[in-house]
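Source file: run_8.pdb (PDB, C-alpha atoms)
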MODEL        1
ATOM      1  CA  MET J   1     150.083  85.421  37.312
ATOM      2  CA  THR J   2     147.663  83.506  39.541
ATOM      3  CA  LEU J   3     147.674  80.903  42.263
ATOM      4  CA  HIS J   4     146.584  77.350  41.636
ATOM      5  CA  VAL J   5     144.482  76.337  44.632
ATOM      6  CA  GLU J   6     143.260  72.908  45.715
ATOM      7  CA  VAL J   7     141.041  72.105  48.688
ATOM      8  CA  LEU J   8     141.410  68.383  49.261
ATOM      9  CA  LEU J   9     139.609  65.923  51.526
ATOM     10  CA  PRO J  10     140.721  62.326  52.168
ATOM     11  CA  ASP J  11     138.148  60.949  49.721
ATOM     12  CA  ARG J  12     137.841  63.699  47.118
ATOM     13  CA  SER J  13     138.817  67.096  45.793
ATOM     14  CA  LEU J  14     136.451  69.668  47.295
ATOM     15  CA  TRP J  15     137.525  72.480  44.944
ATOM     16  CA  SER J  16     140.322  73.279  42.531
ATOM     17  CA  GLY J  17     140.952  76.379  40.451
ATOM     18  CA  GLU J  18     142.796  79.644  39.933
ATOM     19  CA  ALA J  19     142.738  82.535  42.394
ATOM     20  CA  GLY J  20     144.364  85.805  43.290
ATOM     21  CA  LEU J  21     144.296  85.424  47.075
ATOM     22  CA  VAL J  22     143.738  82.679  49.647
ATOM     23  CA  ILE J  23     142.917  83.552  53.257
ATOM     24  CA  ALA J  24     143.115  80.892  55.952
ATOM     25  CA  LYS J  25     143.403  80.711  59.712
ATOM     26  CA  THR J  26     146.256  78.668  61.128
ATOM     27  CA  ILE J  27     147.071  77.928  64.753
ATOM     28  CA  ASP J  28     149.672  80.724  64.452
ATOM     29  CA  GLY J  29     147.155  83.263  63.103
ATOM     30  CA  ASP J  30     145.560  84.378  59.852
ATOM     31  CA  ILE J  31     147.515  84.069  56.622
ATOM     32  CA  GLY J  32     146.886  85.656  53.255
ATOM     33  CA  VAL J  33     148.631  84.125  50.261
ATOM     34  CA  GLN J  34     149.157  85.886  46.931
ATOM     35  CA  THR J  35     151.368  85.022  43.977
ATOM     36  CA  GLY J  36     155.042  84.995  44.823
ATOM     37  CA  HIS J  37     154.443  84.056  48.472
ATOM     38  CA  SER J  38     157.348  82.290  50.126
ATOM     39  CA  PRO J  39     156.916  78.575  50.827
ATOM     40  CA  VAL J  40     155.046  77.844  54.038
ATOM     41  CA  PHE J  41     153.425  74.909  55.778
ATOM     42  CA  GLY J  42     150.806  75.549  58.439
ATOM     43  CA  ILE J  43     148.340  73.733  60.636
ATOM     44  CA  LEU J  44     144.788  74.974  60.078
ATOM     45  CA  SER J  45     142.938  76.221  63.109
ATOM     46  CA  PRO J  46     140.177  73.734  63.996
ATOM     47  CA  GLY J  47     136.788  74.826  62.689
ATOM     48  CA  SER J  48     137.953  77.581  60.381
ATOM     49  CA  VAL J  49     136.785  79.015  57.069
ATOM     50  CA  VAL J  50     139.120  79.146  54.063
ATOM     51  CA  ARG J  51     138.375  81.950  51.603
ATOM     52  CA  VAL J  52     139.534  81.923  47.995
ATOM     53  CA  ARG J  53     139.371  85.335  46.303
ATOM     54  CA  GLU J  54     139.053  86.361  42.667
ATOM     55  CA  VAL J  55     141.933  86.792  40.291
ATOM     56  CA  PRO J  56     142.962  90.485  40.343
ATOM     57  CA  GLY J  57     141.410  92.486  37.515
ATOM     58  CA  ASP J  58     138.219  90.423  37.282
ATOM     59  CA  ASP J  59     134.979  92.373  37.006
ATOM     60  CA  ASN J  60     133.459  90.775  40.127
ATOM     61  CA  PRO J  61     136.045  90.887  42.898
ATOM     62  CA  GLY J  62     135.183  88.891  45.986
ATOM     63  CA  ASP J  63     135.104  85.380  47.325
ATOM     64  CA  VAL J  64     135.037  82.642  44.715
ATOM     65  CA  VAL J  65     134.924  79.957  47.369
ATOM     66  CA  ARG J  66     134.285  79.770  51.097
ATOM     67  CA  ALA J  67     134.910  76.389  52.640
ATOM     68  CA  ALA J  68     134.433  75.280  56.219
ATOM     69  CA  VAL J  69     137.211  72.926  57.308
ATOM     70  CA  ARG J  70     137.255  70.766  60.423
ATOM     71  CA  ASP J  71     141.059  70.715  60.680
ATOM     72  CA  GLY J  72     144.043  70.093  58.444
ATOM     73  CA  PHE J  73     147.044  71.684  56.819
ATOM     74  CA  LEU J  74     147.962  74.458  54.394
ATOM     75  CA  SER J  75     150.918  74.159  52.030
ATOM     76  CA  VAL J  76     152.232  76.957  49.810
ATOM     77  CA  THR J  77     154.979  76.500  47.216
ATOM     78  CA  ASN J  78     155.614  77.819  43.698
ATOM     79  CA  ASN J  79     152.265  79.659  43.443
ATOM     80  CA  ARG J  80     150.365  76.521  44.458
ATOM     81  CA  VAL J  81     148.210  76.428  47.572
ATOM     82  CA  SER J  82     147.017  73.093  48.899
ATOM     83  CA  ILE J  83     144.471  72.916  51.696
ATOM     84  CA  LEU J  84     144.401  69.378  53.100
ATOM     85  CA  ALA J  85     141.423  68.939  55.421
ATOM     86  CA  SER J  86     140.011  65.951  57.304
ATOM     87  CA  SER J  87     136.500  67.108  56.371
ATOM     88  CA  GLY J  88     134.988  70.178  54.810
ATOM     89  CA  GLU J  89     132.065  71.726  52.983
ATOM     90  CA  LEU J  90     131.747  74.473  50.416
ATOM     91  CA  SER J  91     129.435  77.325  51.361
ATOM     92  CA  GLY J  92     126.812  76.251  48.830
ATOM     93  CA  GLU J  93     126.738  72.692  50.170
ATOM     94  CA  VAL J  94     126.041  73.612  53.795
ATOM     95  CA  ASP J  95     122.612  72.663  55.105
ATOM     96  CA  THR J  96     122.244  75.473  57.639
ATOM     97  CA  ALA J  97     119.431  73.751  59.555
ATOM     98  CA  ALA J  98     121.565  70.620  59.952
ATOM     99  CA  ALA J  99     124.613  72.695  60.909
ATOM    100  CA  GLN J 100     122.569  74.561  63.514
ATOM    101  CA  ALA J 101     121.263  71.258  64.901
ATOM    102  CA  ASP J 102     124.855  69.921  65.003
ATOM    103  CA  LEU J 103     125.963  73.073  66.836
ATOM    104  CA  THR J 104     123.207  72.682  69.435
ATOM    105  CA  ALA J 105     123.974  68.982  69.941
ATOM    106  CA  ALA J 106     127.745  69.591  70.192
ATOM    107  CA  THR J 107     127.260  72.464  72.646
ATOM    108  CA  ASP J 108     124.967  70.347  74.815
ATOM    109  CA  ALA J 109     127.387  67.397  74.716
ATOM    110  CA  ALA J 110     130.331  69.586  75.726
ATOM    111  CA  GLY J 111     128.662  70.641  78.972
ATOM    112  CA  SER J 112     130.273  73.856  80.198
ATOM    113  CA  SER J 113     130.565  76.901  77.948
ATOM    114  CA  ALA J 114     134.368  76.815  78.247
ATOM    115  CA  ALA J 115     134.469  73.193  77.087
ATOM    116  CA  ALA J 116     132.061  74.004  74.257
ATOM    117  CA  GLU J 117     134.366  76.775  72.971
ATOM    118  CA  GLU J 118     137.222  74.284  72.646
ATOM    119  CA  SER J 119     135.183  71.385  71.238
ATOM    120  CA  PRO J 120     136.166  70.494  67.640
ATOM    121  CA  GLU J 121     132.531  69.606  66.910
ATOM    122  CA  VAL J 122     131.323  73.047  68.062
ATOM    123  CA  ARG J 123     134.066  74.821  66.096
ATOM    124  CA  TYR J 124     133.304  72.896  62.903
ATOM    125  CA  ALA J 125     129.538  73.474  63.186
ATOM    126  CA  ARG J 126     130.190  77.210  63.631
ATOM    127  CA  ALA J 127     132.570  77.200  60.658
ATOM    128  CA  ARG J 128     129.909  75.553  58.494
ATOM    129  CA  LEU J 129     127.430  78.283  59.456
ATOM    130  CA  ARG J 130     129.988  81.058  58.833
ATOM    131  CA  ALA J 131     130.859  79.580  55.429
ATOM    132  CA  ALA J 132     127.160  79.603  54.552
ATOM    133  CA  GLY J 133     126.988  83.291  55.485
ATOM    134  CA  ASP J 134     125.392  83.087  58.942
ATOM    135  CA  GLN J 135     126.789  85.246  61.729
ATOM    136  CA  VAL J 136     127.675  82.982  64.668
TER     137      VAL J 136
ENDMDL
END
Will you turn the file into C-alpha cells for me?
Amino acid sequence: MTLHVEVLLPDRSLWSGEAGLVIAKTIDGDIGVQTGHSPVFGILSPGSVVRVREVPGDDNPGDVVRAAVRDGFLSVTNNRVSILASSGELSGEVDTAAAQADLTAATDAAGSSAAAEESPEVRYARARLRAAGDQV
C-alpha cells in the first residue's frame, strides 16, 4: 500500500504521485507520514522543504521529490497527503543563482540578523537553496 501525494499551488499542481513516506516541517515540528497514518492537519513552517520518499521495496530508495514551500498547509487522510502551498518550487526547477540573489536581497532588506532570520523572504530563499541541494 502506498500514499497518494499532491503538492498544490494556487495556480497549478506542482507534483502528484505515489510515495512511501512524506516528511514535512510544521510549526509544531517535523512530521513523517507513512501509510496508515492517522488524519492530521498542520500548518507548514514558513520556508521549509517537503521531501517525498520512494515506495518501500523500490530498487532506488531515496527522495523522489524535494520541494521548497513558502508557507501553507499539510492534510493527511485515508493514505492521501495534500500539501497546499502559497508558492513553491521543485528541486530541479530552482535557479540557484537567482535564489542566492533573492537571499542576499531579502537579508539586506531585513536589516538586523535577528529580523532576517524571521523574514519569510529569507526563509523561502534558503528553502529553495536547500531543495536544490545547497547547504545554507
Output the residue selection produced by the PyMOL selection byres ((chain J and resi 70-87) around 9) on the file above, formatted as a PDB file with C-alpha atoms, keeping the file's coordinate frame.
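Writing the result to expr_27.pdb gives the following:
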ATOM      1  CA  MET J   1     150.083  85.421  37.312  1.00  0.00           C
ATOM      2  CA  THR J   2     147.663  83.506  39.541  1.00  0.00           C
ATOM      3  CA  LEU J   3     147.674  80.903  42.263  1.00  0.00           C
ATOM      4  CA  HIS J   4     146.584  77.350  41.636  1.00  0.00           C
ATOM      5  CA  VAL J   5     144.482  76.337  44.632  1.00  0.00           C
ATOM      6  CA  GLU J   6     143.260  72.908  45.715  1.00  0.00           C
ATOM      7  CA  VAL J   7     141.041  72.105  48.688  1.00  0.00           C
ATOM      8  CA  LEU J   8     141.410  68.383  49.261  1.00  0.00           C
ATOM      9  CA  LEU J   9     139.609  65.923  51.526  1.00  0.00           C
ATOM     10  CA  PRO J  10     140.721  62.326  52.168  1.00  0.00           C
ATOM     11  CA  VAL J  22     143.738  82.679  49.647  1.00  0.00           C
ATOM     12  CA  ALA J  24     143.115  80.892  55.952  1.00  0.00           C
ATOM     13  CA  THR J  26     146.256  78.668  61.128  1.00  0.00           C
ATOM     14  CA  VAL J  33     148.631  84.125  50.261  1.00  0.00           C
ATOM     15  CA  GLN J  34     149.157  85.886  46.931  1.00  0.00           C
ATOM     16  CA  THR J  35     151.368  85.022  43.977  1.00  0.00           C
ATOM     17  CA  GLY J  36     155.042  84.995  44.823  1.00  0.00           C
ATOM     18  CA  HIS J  37     154.443  84.056  48.472  1.00  0.00           C
ATOM     19  CA  SER J  38     157.348  82.290  50.126  1.00  0.00           C
ATOM     20  CA  PRO J  39     156.916  78.575  50.827  1.00  0.00           C
ATOM     21  CA  VAL J  40     155.046  77.844  54.038  1.00  0.00           C
ATOM     22  CA  PHE J  41     153.425  74.909  55.778  1.00  0.00           C
ATOM     23  CA  GLY J  42     150.806  75.549  58.439  1.00  0.00           C
ATOM     24  CA  ILE J  43     148.340  73.733  60.636  1.00  0.00           C
ATOM     25  CA  LEU J  44     144.788  74.974  60.078  1.00  0.00           C
ATOM     26  CA  SER J  45     142.938  76.221  63.109  1.00  0.00           C
ATOM     27  CA  PRO J  46     140.177  73.734  63.996  1.00  0.00           C
ATOM     28  CA  GLY J  47     136.788  74.826  62.689  1.00  0.00           C
ATOM     29  CA  SER J  48     137.953  77.581  60.381  1.00  0.00           C
ATOM     30  CA  VAL J  49     136.785  79.015  57.069  1.00  0.00           C
ATOM     31  CA  VAL J  50     139.120  79.146  54.063  1.00  0.00           C
ATOM     32  CA  ALA J  68     134.433  75.280  56.219  1.00  0.00           C
ATOM     33  CA  VAL J  69     137.211  72.926  57.308  1.00  0.00           C
ATOM     34  CA  GLY J  88     134.988  70.178  54.810  1.00  0.00           C
ATOM     35  CA  GLU J  89     132.065  71.726  52.983  1.00  0.00           C
ATOM     36  CA  PRO J 120     136.166  70.494  67.640  1.00  0.00           C
ATOM     37  CA  GLU J 121     132.531  69.606  66.910  1.00  0.00           C
ATOM     38  CA  ARG J 123     134.066  74.821  66.096  1.00  0.00           C
ATOM     39  CA  TYR J 124     133.304  72.896  62.903  1.00  0.00           C
ATOM     40  CA  ALA J 125     129.538  73.474  63.186  1.00  0.00           C
ATOM     41  CA  ALA J 127     132.570  77.200  60.658  1.00  0.00           C
ATOM     42  CA  ARG J 128     129.909  75.553  58.494  1.00  0.00           C
TER      43      ARG J 128
END
Box centre and edge lengths (Å, one decimal), axis-aligned, stretch 119-123 of chain J plus 4 Å each side, as AutoDock Vina command-line options:
--center_x 133.7 --center_y 72.2 --center_z 68.7 --size_x 12.8 --size_y 13.2 --size_z 13.1
Separating atom CA of J:Thr96 from atom CA of J:Glu118, to the nearest tenth of an Å, is a gap of 21.2 Å
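The space between atom CA of J:Gly20 and atom CA of J:Val52 spans 7.8 Å.
Using only C-alpha atoms, the smallest distance between any of J:Ala109, J:Val64, J:Ile31, J:Val94 and J:Glu18 comes from J:Val64.
Here atom CA of J:Leu14 is placed at a distance of 15.4 Å from atom CA of J:Ala132.
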Identify, on the basis of all atoms listed in the file, every residue whose closest approach to J:Val65 does not exceed 9 Å; exclude the query and any residue fewer than 5 positions from it along the same chain; express the result as a VMD selection string. chain J and resid 15 50 to 54 90 to 91
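The residue that comes closest to J:Ala106, out of J:Arg126, J:Gly92, J:Lys25, J:Ala67 and on the basis of all atoms listed in the file, is J:Arg126.
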Minimum-distance residue to J:Gln100, chosen among J:Asp134, J:Gly29, J:Gly17, J:Asp63 (using only C-alpha atoms): J:Asp134
